[in-house]
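Trainee: Have a look at this one.
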Amino acid sequence: MGKAKSSKRGGASSGPYERPSKHPAANNVFKFNKDFGQHILKNPGIAETIVAKANLKPTDTVLEVGPGTGNLTVKILDQAKKVIAVEMDPRMAAETTKRVQGKPEQKRLEVLLGDVIKTTLPGFDVCISNTPYAISSPLVFKLLSLPNPPRTAVLMFQREFALRLTARPNDPLYCRLSVNAQFWARVTHVLKVGRNNFRPPPQVDSSVVRIEPKLGSERPNISFEEWDGMLRVCFNRKNKTLRASWLGNKEVLSMLERNYRLWCATNDIPVDDSIADENEDDIEEMEVDENVPPSAGDEDEWGGIMDVDGQDEDTPSFFKEMKASGSEIPKTKSKRKKTRVALLMKEKVRKVLEDVTELADMRSGKCDENDFLRLLAAFNAEGIHFS
């Protein structure tokens with residue numbers, strides 16, 4: 001007679017082919033932190049491609065943002081002189097350190113614990129990153145605005161964000177990010193990466209892009225803050241006409257007036273602060289297309305599940321106040337008496353848009369970088385600045 005089957009206490013299985021635990025988190029070293037956007041790249045082939053596309057030299061110092069468990073880090077160390085890894089999560093920083101502990105590479109790895117956006121970075125030649133989605137935009141702007149930007153940056157982003165970097169005028173994804181990235185650098189799409197190449201898998205696919213900042217004589221000889229500050233106004237609603245974006249927004253005009261006053265004070269230019277006469281002030285409010293719905297490239301509309309951080313460290317102080325006060329056009333006409341300098345500011349803006357550049361009826365989503373360059377030059381010529 002055969003023996004009856006018996007089971008171990010608690011129903012535990014003893015065979016080598018037992019089913020995996022119904023609680024996969026129990027098998028992990030630690031739980032991934034969704035607040036940091038942690039998605040570890042597990043495909044070694046893709047990691048090798050990312051490093052290869054950086055064209056590293058044996059003398060390079062590489063900045064790696066969000067090293068995670070070090071899968072990219074060890075491959076970079078095989079080719080570069082040094083890696084500076086910036087990580088928010090102490091557990092991940094420890095995991096990365098363990099990968100080279102007791103090895104010669106340990107002396108060539110420096111791990112900085114903290115937020116890369118807020119960190120003062122040492123010099124580096126190349127940036128490589130499986131970028132935490134929440135800091136995609138601030139990281140790009142930080143790299144582009146550095147006085148000495150890296151030679152190359154090979155970065156992984158959500159696919160839609162990556163497509164914004166390469167979008168051209170008239171493209172639905174064309175936005176302030178597109179203009180800035182292509183103005184200050186050469187941007188190329190390297191490869192698409194499916195979501196199943198990550199642990200845990202994100203909700204969307206990713207893409208790797210290579211950003212090569214313009215250096216030396218190729219770098220535009222203008223202020224990044226001036227350029228980016230102007231673009232923020234233009235792309236607040238990219239499908240509005242520029243006339244509506246500038247002359248139809250009282251908060252923008254008010255901010256421009258304050259900057260103009262500062263510029264005048266710096267250059268010893270007197271300002272007429274007297275109250276305008278009634279006939280001067282009796283200018284009918286412009287009819288503007290203020291009800292244009294938000295679109296994919298607007299500054300405050302990212303669409304889908306794009307996870308863009310709510311912080312504004314990359315925002316010039318000029319625009320933080322505007323954001324705090326709200327950017328929608330007031331529905332009722334103000335009865336406050338206007339000063340002559342306020343009317344002068346409105347006339348200067350009108351002159352720039354209608355007479356000098358003839359861009360008043362254009363929409364930001366259809367303008368190229370030459371249009372924006374003409375606009376900035378004309379504003380600056382009138383003493384209107386954005387930083």
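Convention: chains lettered A, B, ... in structure tokens order; per-chain residue numbering from 1; ligands numbered from 1 as shown.
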What's the 6 Å shell around region 84-95 of chain A, counting only C-alpha atoms, without same-chain residues fewer than 6 positions away, as a PyMOL selection string?
Mentor: chain A and resi 63-66+68-69+110-115
Trainee: Which residues are close to region 174-178 of chain A, i.e. within 8 Å by only C-alpha atoms, leaving aside same-chain residues fewer than 4 positions away? Reply as number ranges by chain.
Mentor: A: 137, 164-170, 182, 228, 231-232, 235, 238, 297-299, 365
Trainee: Just want the 10 Å neighbourhood of Met345 (chain A), counted on only C-alpha atoms, with same-chain residues fewer than 5 positions away dropped. Output as a compact mmCIF listing (two decimals) with C-alpha atoms, in the first residue's frame.
Mentor:
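Produced file result_25.txt, reproduced below:
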# COMPACT_ATOMS: atom_id res chain seq x y z
CA LEU A 247 -0.77 92.39 -24.70
CA LEU A 253 2.53 93.59 -18.69
CA SER A 254 2.84 94.36 -14.99
CA LEU A 256 7.50 93.74 -17.76
CA GLU A 257 6.87 97.20 -16.33
CA ARG A 258 8.69 96.29 -13.11
CA TYR A 260 11.65 98.06 -17.23
CA ARG A 261 11.73 100.29 -14.15
CA ARG A 340 2.31 106.94 -18.20
CA ARG A 350 2.87 96.63 -29.38
CA LYS A 351 5.70 98.21 -31.38
CA GLU A 382 13.30 98.71 -26.19
CA GLY A 383 14.80 98.14 -22.74
CA ILE A 384 12.57 95.14 -22.01
Trainee: Could you please write out, as a PyMOL selection string, every residue of region 31-254 of chain A that DSSP assigns to alpha helix (DSSP H)?
Mentor: chain A and resi 44-53+71-77+90-100+136-145+159-166+176-184+224-234+242-247+250-254
Trainee: May I ask for the distance between CA of Val193 (chain A) and CA of Leu41 (chain A), given in Å to one decimal place?
Mentor: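 These two atoms are separated by 9.8 Å.
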Trainee: Report as a PyMOL selection string all protein, DNA and RNA residues lying within 8 Å of region 143-152 of chain A, evaluated on only C-alpha atoms, omitting residues in the same chain fewer than 4 positions from it.
Mentor: chain A and resi 54+124-127+139+181+184-185+210-213+215+224
